[in-house]
$ cat data-v4.tsv   # TSV, C-alpha atoms
chain	number	residue	atom	x	y	z
N	302	MET	CA	-112.00	10.10	-24.20
N	303	ASN	CA	-114.05	6.89	-24.11
N	304	THR	CA	-112.33	4.55	-21.68
N	305	ASN	CA	-113.31	1.62	-23.92
N	306	THR	CA	-111.07	2.84	-26.72
N	307	PRO	CA	-107.90	0.81	-27.35
N	308	LYS	CA	-104.78	1.62	-25.37
N	309	ILE	CA	-101.47	2.15	-27.13
N	310	LEU	CA	-98.27	2.20	-25.08
N	311	LEU	CA	-95.15	3.97	-26.35
N	312	ILE	CA	-91.87	3.05	-24.67
N	313	GLY	CA	-88.45	4.36	-25.61
N	314	ASP	CA	-85.61	6.79	-25.18
N	315	SER	CA	-85.34	10.32	-26.59
N	316	ILE	CA	-86.21	9.00	-30.04
N	317	ARG	CA	-89.69	8.34	-28.65
N	318	LEU	CA	-89.77	11.79	-27.06
N	319	GLY	CA	-89.65	13.19	-30.57
N	320	TYR	CA	-92.97	11.65	-31.62
N	321	ASP	CA	-95.00	10.53	-28.58
N	322	ALA	CA	-97.06	13.71	-28.15
N	323	LEU	CA	-97.64	13.87	-31.90
N	324	VAL	CA	-98.90	10.29	-32.00
N	325	LYS	CA	-101.18	11.10	-29.07
N	326	GLU	CA	-102.73	13.89	-31.10
N	327	ALA	CA	-103.14	11.66	-34.14
N	328	TYR	CA	-105.31	9.21	-32.17
N	329	LYS	CA	-107.17	11.74	-30.03
N	330	ASN	CA	-110.61	10.52	-31.09
N	331	GLN	CA	-110.04	6.79	-31.28
N	332	ALA	CA	-107.35	5.51	-28.90
N	333	GLN	CA	-105.60	6.26	-25.63
N	334	VAL	CA	-101.93	6.85	-26.35
N	335	LEU	CA	-99.89	6.45	-23.18
N	336	PHE	CA	-96.19	6.89	-22.42
N	337	PRO	CA	-93.97	7.53	-19.40
N	338	ASP	CA	-92.71	11.01	-18.64
N	339	ASP	CA	-89.36	9.29	-18.18
N	340	ASN	CA	-86.72	8.84	-20.85
N	341	CYS	CA	-86.54	5.04	-20.98
N	342	ARG	CA	-82.75	5.04	-21.51
N	343	PHE	CA	-80.88	1.71	-21.44
N	344	SER	CA	-82.23	-1.77	-22.10
N	345	THR	CA	-81.65	-2.63	-18.42
N	346	TYR	CA	-83.64	0.46	-17.42
N	347	VAL	CA	-86.58	-0.70	-19.53
N	348	LEU	CA	-86.39	-4.17	-18.03
N	349	ARG	CA	-86.37	-2.75	-14.50
N	350	ASN	CA	-89.15	-0.19	-14.96
N	351	LEU	CA	-91.56	-1.50	-17.59
N	352	HIS	CA	-94.01	-3.01	-15.12
N	353	GLU	CA	-94.05	0.15	-13.02
N	354	TRP	CA	-94.60	2.41	-16.01
N	355	ALA	CA	-97.41	0.13	-17.14
N	356	GLN	CA	-99.02	0.15	-13.72
N	357	GLY	CA	-98.77	3.92	-13.38
N	358	LEU	CA	-100.31	4.46	-16.80
N	359	GLY	CA	-103.11	1.94	-16.32
N	360	CYS	CA	-101.79	-0.45	-18.96
N	361	THR	CA	-102.84	-3.98	-18.11
N	362	GLU	CA	-103.61	-7.18	-19.97
N	363	ASP	CA	-106.12	-5.30	-22.14
N	364	LEU	CA	-103.40	-3.26	-23.86
N	365	ALA	CA	-103.99	-3.21	-27.62
N	366	CYS	CA	-100.50	-2.31	-28.81
N	367	ILE	CA	-97.00	-1.59	-27.54
N	368	HIS	CA	-94.57	0.29	-29.78
N	369	TRP	CA	-91.10	0.43	-28.29
N	370	ASN	CA	-87.44	1.10	-28.91
N	371	VAL	CA	-84.22	0.84	-26.92
N	372	GLY	CA	-80.57	0.86	-27.89
N	373	ALA	CA	-79.25	4.40	-28.35
N	374	TRP	CA	-78.02	4.63	-24.76
N	375	ASP	CA	-76.56	1.13	-24.90
N	376	THR	CA	-74.46	2.03	-27.94
N	377	LEU	CA	-72.98	5.22	-26.47
N	378	THR	CA	-69.18	5.23	-26.49
N	379	LEU	CA	-67.27	7.23	-23.86
N	380	PHE	CA	-63.52	7.82	-24.08
N	381	ASP	CA	-63.26	5.61	-27.13
N	382	ASP	CA	-63.56	2.30	-25.25
N	383	GLY	CA	-66.58	0.82	-27.01
N	384	PRO	CA	-70.33	0.77	-26.35
N	385	LEU	CA	-71.36	1.17	-22.73
N	386	VAL	CA	-73.33	-2.07	-22.92
N	387	PRO	CA	-71.63	-5.06	-24.59
N	388	LEU	CA	-73.58	-6.47	-27.49
N	389	SER	CA	-73.99	-9.84	-25.76
N	390	ALA	CA	-75.47	-8.17	-22.67
N	391	TYR	CA	-77.85	-6.15	-24.84
N	392	GLU	CA	-78.99	-9.32	-26.58
N	393	GLU	CA	-79.71	-11.04	-23.26
N	394	CYS	CA	-81.61	-8.04	-21.97
N	395	MET	CA	-83.70	-7.83	-25.13
N	396	GLU	CA	-84.71	-11.45	-24.62
N	397	ARG	CA	-85.81	-10.64	-21.07
N	398	ILE	CA	-87.73	-7.53	-22.13
N	399	CYS	CA	-89.62	-9.55	-24.75
N	400	LYS	CA	-90.58	-12.11	-22.13
N	401	ARG	CA	-91.65	-9.32	-19.78
N	402	ILE	CA	-93.83	-7.77	-22.49
N	403	ASP	CA	-95.52	-11.12	-23.10
N	404	LEU	CA	-96.12	-11.50	-19.36
N	405	LEU	CA	-97.58	-8.03	-18.87
N	406	PHE	CA	-99.46	-7.61	-22.16
N	407	PRO	CA	-100.31	-11.08	-23.47
N	408	SER	CA	-102.87	-9.86	-26.01
N	409	ALA	CA	-101.07	-6.76	-27.28
N	410	LYS	CA	-99.76	-6.30	-30.79
N	411	LYS	CA	-96.02	-5.72	-30.48
N	412	ILE	CA	-93.94	-3.36	-32.61
N	413	PHE	CA	-90.22	-2.77	-32.15
N	414	ALA	CA	-88.62	0.31	-33.67
N	415	THR	CA	-84.94	0.33	-34.55
N	416	THR	CA	-82.60	3.06	-33.31
N	417	THR	CA	-82.29	5.91	-35.81
N	418	PRO	CA	-78.98	6.98	-37.42
N	419	MET	CA	-76.65	9.47	-35.80
N	420	ALA	CA	-75.16	12.57	-37.42
N	421	GLU	CA	-71.62	11.45	-36.69
N	422	HIS	CA	-70.02	14.62	-38.05
N	423	LEU	CA	-71.82	16.75	-35.43
N	424	PHE	CA	-70.12	15.11	-32.44
N	425	ASP	CA	-67.59	17.74	-31.38
N	426	ASN	CA	-65.30	15.45	-29.38
N	427	PRO	CA	-65.70	11.82	-30.46
N	428	LYS	CA	-62.77	10.70	-28.33
N	429	VAL	CA	-64.86	11.62	-25.27
N	430	MET	CA	-68.46	10.94	-26.39
N	431	MET	CA	-69.60	9.28	-29.60
N	432	ARG	CA	-72.27	7.15	-31.18
N	433	TYR	CA	-71.18	5.21	-34.25
N	434	ASN	CA	-73.70	4.13	-36.85
N	435	SER	CA	-71.69	0.95	-37.33
N	436	ASP	CA	-72.44	0.05	-33.70
N	437	ILE	CA	-76.09	1.03	-34.04
N	438	GLU	CA	-76.43	-1.25	-37.04
N	439	LYS	CA	-75.02	-4.18	-35.06
N	440	PHE	CA	-77.34	-3.52	-32.11
N	441	ASN	CA	-80.34	-3.09	-34.42
N	442	ASP	CA	-79.56	-6.39	-36.14
N	443	ILE	CA	-79.38	-8.21	-32.81
N	444	ALA	CA	-82.58	-6.55	-31.59
N	445	ILE	CA	-84.45	-7.53	-34.74
N	446	SER	CA	-83.30	-11.15	-34.50
N	447	VAL	CA	-84.49	-11.34	-30.88
N	448	VAL	CA	-87.85	-9.58	-31.09
N	449	LYS	CA	-88.92	-11.47	-34.22
N	450	LYS	CA	-88.77	-14.70	-32.20
N	451	TYR	CA	-91.44	-13.22	-29.93
N	452	GLY	CA	-93.76	-12.14	-32.71
N	453	HIS	CA	-92.87	-8.45	-32.85
N	454	GLU	CA	-93.35	-6.47	-36.02
N	455	ILE	CA	-90.37	-4.31	-37.02
N	456	ASN	CA	-90.62	-0.57	-37.58
N	457	ASP	CA	-87.24	0.02	-39.21
N	458	LEU	CA	-86.72	3.69	-38.44
N	459	TYR	CA	-83.00	3.30	-39.07
N	460	ALA	CA	-83.58	2.32	-42.70
N	461	LEU	CA	-86.24	5.00	-43.06
N	462	MET	CA	-84.03	7.84	-41.84
N	463	SER	CA	-80.80	6.63	-43.43
N	464	CYS	CA	-82.01	7.86	-46.80
N	465	GLN	CA	-83.17	11.28	-45.56
N	466	LYS	CA	-81.35	14.60	-45.72
N	467	GLU	CA	-78.75	15.33	-43.05
N	468	ASP	CA	-80.42	18.60	-42.12
N	469	TYR	CA	-83.46	16.72	-40.84
N	470	HIS	CA	-81.28	16.09	-37.78
N	471	SER	CA	-81.71	18.66	-35.03
N	472	ASP	CA	-78.44	17.63	-33.35
N	473	THR	CA	-76.13	14.62	-33.16
N	474	SER	CA	-78.77	12.07	-32.20
N	475	HIS	CA	-82.29	13.37	-32.86
N	476	TYR	CA	-84.77	14.42	-35.52
N	477	TYR	CA	-86.49	17.16	-33.53
N	478	THR	CA	-87.11	19.16	-36.69
N	479	LYS	CA	-90.49	19.58	-38.32
N	480	THR	CA	-89.68	17.47	-41.36
N	481	GLY	CA	-87.83	14.83	-39.36
N	482	ALA	CA	-90.69	14.53	-36.89
N	483	GLN	CA	-93.26	14.32	-39.68
N	484	ILE	CA	-91.47	11.42	-41.36
N	485	ILE	CA	-90.96	9.42	-38.17
N	486	THR	CA	-94.40	10.12	-36.67
N	487	LYS	CA	-96.23	9.14	-39.83
N	488	LYS	CA	-94.26	5.89	-40.00
N	489	VAL	CA	-95.06	5.10	-36.35
N	490	CYS	CA	-98.75	5.76	-36.94
N	491	ASN	CA	-98.76	3.65	-40.11
N	492	GLU	CA	-97.30	0.69	-38.22
N	493	ILE	CA	-99.81	1.05	-35.39
N	494	ASP	CA	-102.70	1.33	-37.87
N	495	ARG	CA	-101.51	-1.79	-39.64
N	496	ALA	CA	-101.27	-3.68	-36.35
N	497	ILE	CA	-104.61	-2.83	-34.75
N	498	GLY	CA	-106.80	-1.50	-37.57
N	499	THR	CA	-106.95	2.13	-36.50
N	500	GLU	CA	-106.65	5.13	-38.81
N	501	ALA	CA	-104.50	7.95	-37.50
N	502	GLY	CA	-105.90	11.44	-37.83
N	503	ASN	CA	-104.24	14.67	-38.86
N	504	ILE	CA	-101.52	16.35	-36.82
N	505	ASP	CA	-101.01	20.10	-36.74
N	506	PHE	CA	-97.23	20.09	-37.24
N	507	ASP	CA	-97.22	23.85	-37.79
N	508	MET	CA	-98.49	24.30	-34.25
N	509	TRP	CA	-95.84	22.04	-32.77
N	510	PHE	CA	-92.85	23.33	-34.69
N	511	ASP	CA	-91.36	26.59	-35.89
N	512	LYS	CA	-88.00	27.50	-37.42
N	513	THR	CA	-86.31	27.78	-34.02
N	514	ASP	CA	-87.34	24.36	-32.77
N	515	CYS	CA	-84.47	21.99	-32.13
N	516	TYR	CA	-83.05	19.85	-29.37
N	517	GLU	CA	-80.24	22.16	-28.33
N	518	GLY	CA	-81.12	24.06	-25.18
N	519	GLY	CA	-84.10	21.82	-24.59
N	520	ALA	CA	-86.38	24.00	-26.74
N	521	TRP	CA	-88.37	21.12	-28.20
N	522	LEU	CA	-88.66	19.16	-24.95
N	523	GLU	CA	-89.75	22.25	-23.03
N	524	LYS	CA	-92.31	23.18	-25.65
N	525	ARG	CA	-93.49	19.57	-25.84
N	526	ALA	CA	-94.18	19.51	-22.08
N	527	GLN	CA	-96.07	22.80	-22.22
N	528	VAL	CA	-98.08	21.90	-25.28
N	529	ILE	CA	-99.04	18.46	-24.00
N	530	LYS	CA	-100.81	20.11	-21.07
N	531	GLN	CA	-102.47	22.71	-23.29
N	532	ARG	CA	-103.57	20.25	-25.93
N	533	ALA	CA	-104.91	17.82	-23.33
N	534	GLN	CA	-107.54	20.38	-22.42
N	535	THR	CA	-108.24	21.56	-25.97
N	536	LEU	CA	-108.39	18.12	-27.58
N	537	GLY	CA	-109.63	16.11	-24.63
N	538	VAL	CA	-106.69	13.71	-24.83

$ encode --input "data-v4.tsv" --output "structure tokens"
Amino acid sequence: MNTNTPKILLIGDSIRLGYDALVKEAYKNQAQVLFPDDNCRFSTYVLRNLHEWAQGLGCTEDLACIHWNVGAWDTLTLFDDGPLVPLSAYEECMERICKRIDLLFPSAKKIFATTTPMAEHLFDNPKVMMRYNSDIEKFNDIAISVVKKYGHEINDLYALMSCQKEDYHSDTSHYYTKTGAQIITKKVCNEIDRAIGTEAGNIDFDMWFDKTDCYEGGAWLEKRAQVIKQRAQTLGV
């Protein structure tokens, strides 16, 4: 990979884990796609770790684009007592993350992706653990209102996936199915292309997925980790 090619940073929770390696493949000949091994979890976790992830990945002021999401962990409800992170606290943290992004990557194009819908009917004990789409919509609305003030483009994955079939879900919270991953990954690449003038290449989804791939049991995440290493050698990414 030519070190002069643009750098694209992907930040986010397990939603990002469902497309990051695929996006990396799409830009294998024209951009460096970088992302932490870590699940980026809560908004406070992103605020605390963003500069360290950036440093470890070699993302500096020359970063071309950051595509990021956060919110699914913040909206988690345990024992039916409301989201773990109050909406007001999430709003404040989003403001601080936006300022941090501007500080670290002053020239980067900025894209914020909304949290995707949950398959509420698949939660087996909602009185203990639950994510409500009504909460996600509120958090997404707040996030959009904040990031727009800082010049971020919006990749509305929630709207995109709300009109898709339920069986594109792999579990309660993810789209680690072939079709689900195709839809989300292509949308992420389209937004990046629009922001920085790249043109994403083809992705071999058949190689990445088969009929048994899903989140349960960690099958997709385990395969993703193995394939990333294999494809890095084969594709030179």

$ closest_atom_pairs --input "data-v4.tsv" --of "stretch 389-422 of chain N" --to "stretch 461-479 of chain N" --cutoff "10 Å" --atoms "all atoms listed in the file" --output "JSON lines"
{"residue": "N:Thr415", "atom": "CA", "partner": "N:Leu461", "partner_atom": "CA", "distance": 9.8}
{"residue": "N:Thr416", "atom": "CA", "partner": "N:Ser474", "partner_atom": "CA", "distance": 9.9}
{"residue": "N:Thr417", "atom": "CA", "partner": "N:Met462", "partner_atom": "CA", "distance": 6.6}
{"residue": "N:Pro418", "atom": "CA", "partner": "N:Ser463", "partner_atom": "CA", "distance": 6.3}
{"residue": "N:Met419", "atom": "CA", "partner": "N:Ser474", "partner_atom": "CA", "distance": 4.9}
{"residue": "N:Ala420", "atom": "CA", "partner": "N:Thr473", "partner_atom": "CA", "distance": 4.8}
{"residue": "N:Glu421", "atom": "CA", "partner": "N:Thr473", "partner_atom": "CA", "distance": 6.5}
{"residue": "N:His422", "atom": "CA", "partner": "N:Thr473", "partner_atom": "CA", "distance": 7.8}

$ residues_around --input "data-v4.tsv" --residues "N:Ala355" --least-positions-apart "5" --cutoff "12 Å" --atoms "only C-alpha atoms" --output "list of chain:residue names"
N:Lys308, N:Ile309, N:Leu310, N:Leu311, N:Ile312, N:Leu335, N:Phe336, N:Pro337, N:Asp338, N:Val347, N:Leu348, N:Arg349, N:Asn350, N:Cys360, N:Thr361, N:Glu362, N:Asp363, N:Leu364, N:Ile367, N:Arg401, N:Ile402, N:Leu404, N:Leu405, N:Phe406

$ closest_residue --input "data-v4.tsv" --among "N:Val324, N:Ala444, N:Cys366, N:Ile504" --to "N:Glu392" --atoms "all atoms listed in the file"
N:Ala444

$ atom_distance --input "data-v4.tsv" --atom1 "atom CA of N:Asn305" --atom2 "atom CA of N:Val371"
29.3 Å

$ residues_around --input "data-v4.tsv" --residues "N:Ala327" --least-positions-apart "4" --cutoff "10 Å" --atoms "all atoms listed in the file" --output "list of chain:residue names"
N:Asp321, N:Ala322, N:Leu323, N:Gln331, N:Ala332, N:Val334, N:Thr486, N:Lys487, N:Cys490, N:Glu500, N:Ala501, N:Gly502, N:Asn503, N:Ile504, N:Asp505

$ atom_distance --input "data-v4.tsv" --atom1 "atom CA of N:Glu353" --atom2 "atom CA of N:Arg495"
27.7 Å

$ atom_distance --input "data-v4.tsv" --atom1 "atom CA of N:Ile455" --atom2 "atom CA of N:Leu423"
28.1 Å

$ closest_residue --input "data-v4.tsv" --among "N:Thr378, N:Asn370, N:Ser344, N:Gln483" --to "N:Gly313" --atoms "all atoms listed in the file"
N:Asn370

$ closest_residue --input "data-v4.tsv" --among "N:Tyr451, N:Tyr346, N:Phe506, N:Tyr320" --to "N:Asp403" --atoms "only C-alpha atoms"
N:Tyr451

$ closest_residue --input "data-v4.tsv" --among "N:Asp382, N:Asp507, N:Asp442, N:Asp436" --to "N:Met395" --atoms "all atoms listed in the file"
N:Asp442

$ closest_residue --input "data-v4.tsv" --among "N:Leu388, N:Phe424, N:Ser446, N:His368" --to "N:Asn491" --atoms "only C-alpha atoms"
N:His368

$ closest_residue --input "data-v4.tsv" --among "N:Gln333, N:Arg397, N:Lys410, N:Met508" --to "N:Gly359" --atoms "all atoms listed in the file"
N:Gln333

$ axis_aligned_box --input "data-v4.tsv" --around "stretch 484-491 of chain N" --padding-each-side "3 Å" --output "lines of an AutoDock Vina configuration file"
center_x = -94.9
center_y = 7.5
center_z = -38.9
size_x = 13.8
size_y = 13.8
size_z = 11.0
